[in-house]
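Working notes, structure below.
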Amino acid sequence: MSPEKQSRPFYCNLHQNPDTVNISDSEAAFEVIHDAILNLWDTVNKLSAIQPARRERYRVTLFGSARIQPDTPLYNGVRDLAGELTKMGCDIVTGGGPGLMQAANEGSVIADPEDITKSIGIRIDLGFEQETNPFVEQMYHHRTFFSRLHHFVIASDAFVVLPGGIGTALEALMIWQLLQVRRLQDTPFIMIGTMWSELAIWAKKHTIDVEPPMADPADMSIPECVATCEQAIALLRKAHQKWQDCNQ
């Protein structure tokens, strides 16, 4: 074999195949990757059409700040809220981290000494606030916010939004929009505290009380804004009873 032939790579004729793309052709390679990713999303969308089987227990997701310390009034109130829901027979779902997420998971575990319900965490990989709290009994891990938020939606029968930061606001607004466009229906969406009632007032002022309006007035009534955890418990008790009646 001549030196010239020896130096030619074994894949030198790949470009002759119309179904292949040379990696050195960056534009063509990008198109292949782009189309493959879109096809993956299409597959996910199709799989999402499959509804989960009826759950044994009602599941309530609680969103809230990772920065609230134990043994503070807000922490203790959320722990008691989750405990009451657990005594009703509900599973508790959180982001699985510290702060108010830990308070909710702790309340679930304390109120369930016979381990009948589940204390669930749906985590996201971050460079901080990483540790899973010790009261999570069933853990799921996600690498992206998109898949994690979708998991909360398919795993939950009701949502409670507690005081929190930007991450909590992201979760709250996503649920609000899904209810607005009826991707979620008849799903309790309860916001606790003045920060959320003030958000609802702001939304009405800047989307309804303007010309032209940028939302439907009915959209503003989607979240049920309450001042206390006790008021949230009363609303969820009614929702849970309705769920039980429909699933008997």
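Naming scheme: A, B, ... for chains in displayed order of the structure tokens; residues 1 onward per chain; ligands 1 onward as shown.
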
Per residue of stretch 27-123 of chain A within 12 Å of stretch 222-228 of chain A, record the nearest atom pair and its distance in Å to one decimal, counting only C-alpha atoms, with rows in chain order and ascending residue number, as JSON lines.
```
{"residue": "A:Pro73", "atom": "CA", "partner": "A:Thr228", "partner_atom": "CA", "distance": 11.7}
{"residue": "A:Leu74", "atom": "CA", "partner": "A:Thr228", "partner_atom": "CA", "distance": 10.0}
{"residue": "A:Gly77", "atom": "CA", "partner": "A:Thr228", "partner_atom": "CA", "distance": 8.7}
{"residue": "A:Val78", "atom": "CA", "partner": "A:Thr228", "partner_atom": "CA", "distance": 9.8}
{"residue": "A:Asp80", "atom": "CA", "partner": "A:Thr228", "partner_atom": "CA", "distance": 11.6}
{"residue": "A:Leu81", "atom": "CA", "partner": "A:Thr228", "partner_atom": "CA", "distance": 9.8}
```

Write down as a ChimeraX atom specification the residues belonging to stretch 5-220 of chain A that are assigned strand (DSSP E or B) by DSSP computed on the backbone. /A:59-63,91-94,119-124,138-142,158-161,189-192

Determine, counting only C-alpha atoms, which protein, DNA and RNA residues have an atom within 10 Å of an atom of A:Gln102; residues of the same chain fewer than 6 positions away are not included. Present the result as JSON, numbers by chain. {"A": [64, 65, 66, 68, 69, 70, 75, 78, 79, 94, 95, 96, 108, 121, 132, 133, 134, 135, 136]}

Keeping only N, CA and C atoms, take the residues you just selected and write them out as a compact mmCIF listing (two decimals), in the first residue's frame.
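Result file is out01.txt:
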```txt
# COMPACT_ATOMS: atom_id res chain seq x y z
N GLY A 64 -41.91 27.21 48.37
CA GLY A 64 -41.53 28.26 49.31
C GLY A 64 -40.03 28.43 49.41
N SER A 65 -39.63 29.43 50.17
CA SER A 65 -38.24 29.83 50.28
C SER A 65 -37.36 28.74 50.89
N ALA A 66 -36.13 28.63 50.34
CA ALA A 66 -35.13 27.73 50.91
C ALA A 66 -34.35 28.37 52.04
N ILE A 68 -35.59 30.16 54.86
CA ILE A 68 -36.23 30.35 56.18
C ILE A 68 -35.67 29.34 57.16
N GLN A 69 -35.25 29.83 58.31
CA GLN A 69 -34.59 28.98 59.30
C GLN A 69 -35.62 28.23 60.17
N PRO A 70 -35.24 27.04 60.68
CA PRO A 70 -36.11 26.33 61.61
C PRO A 70 -36.38 27.14 62.88
N TYR A 75 -41.62 29.04 59.58
CA TYR A 75 -41.21 27.63 59.46
C TYR A 75 -42.18 26.73 60.23
N VAL A 78 -45.63 26.42 58.56
CA VAL A 78 -45.64 25.54 57.38
C VAL A 78 -45.53 24.09 57.81
N ARG A 79 -44.73 23.81 58.82
CA ARG A 79 -44.63 22.44 59.33
C ARG A 79 -45.99 21.97 59.84
N THR A 94 -42.51 18.70 47.83
CA THR A 94 -41.77 19.95 47.88
C THR A 94 -40.59 19.86 46.92
N GLY A 95 -39.79 20.92 46.89
CA GLY A 95 -38.55 20.89 46.12
C GLY A 95 -37.45 20.10 46.80
N GLY A 96 -37.71 19.60 48.00
CA GLY A 96 -36.78 18.70 48.67
C GLY A 96 -35.59 19.35 49.35
N SER A 108 -44.79 16.51 57.45
CA SER A 108 -45.36 15.28 56.90
C SER A 108 -44.88 14.06 57.67
N GLY A 121 -39.72 14.78 47.55
CA GLY A 121 -38.90 15.90 47.13
C GLY A 121 -38.56 15.79 45.66
N THR A 132 -30.37 17.81 50.12
CA THR A 132 -31.73 17.31 50.31
C THR A 132 -32.02 17.30 51.80
N ASN A 133 -33.17 17.80 52.20
CA ASN A 133 -33.46 17.82 53.63
C ASN A 133 -33.72 16.40 54.15
N PRO A 134 -33.47 16.16 55.42
CA PRO A 134 -33.50 14.80 55.96
C PRO A 134 -34.90 14.21 56.10
N PHE A 135 -35.94 14.96 55.77
CA PHE A 135 -37.31 14.46 55.95
C PHE A 135 -37.95 14.00 54.64
N VAL A 136 -37.16 13.97 53.58
CA VAL A 136 -37.66 13.48 52.29
C VAL A 136 -37.60 11.96 52.28
```

Per residue of stretch 106-147 of chain A within 12 Å of stretch 166-180 of chain A, record the nearest atom pair and its distance in Å to one decimal, counting only C-alpha atoms, with rows in chain order and ascending residue number, as a tab-separated table.
```
residue	atom	partner	partner_atom	distance
A:Ile124	CA	A:Gly167	CA	11.2
A:Leu126	CA	A:Gly167	CA	11.9
A:Glu129	CA	A:Gly167	CA	11.9
A:Phe145	CA	A:Glu171	CA	9.6
A:Phe146	CA	A:Glu171	CA	10.4
```

Residues from last step as file, C-alpha atoms, as a PDB file, in the first residue's frame:
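Output file result.pdb is given in full below:
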```pdb
ATOM      1  CA  ILE A 124     -32.885  20.488  40.934  1.00  0.00           C
ATOM      2  CA  LEU A 126     -27.734  23.823  41.583  1.00  0.00           C
ATOM      3  CA  GLU A 129     -28.788  25.197  48.346  1.00  0.00           C
ATOM      4  CA  PHE A 145     -35.996  23.622  35.657  1.00  0.00           C
ATOM      5  CA  PHE A 146     -38.240  22.750  32.719  1.00  0.00           C
TER       6      PHE A 146
END
```
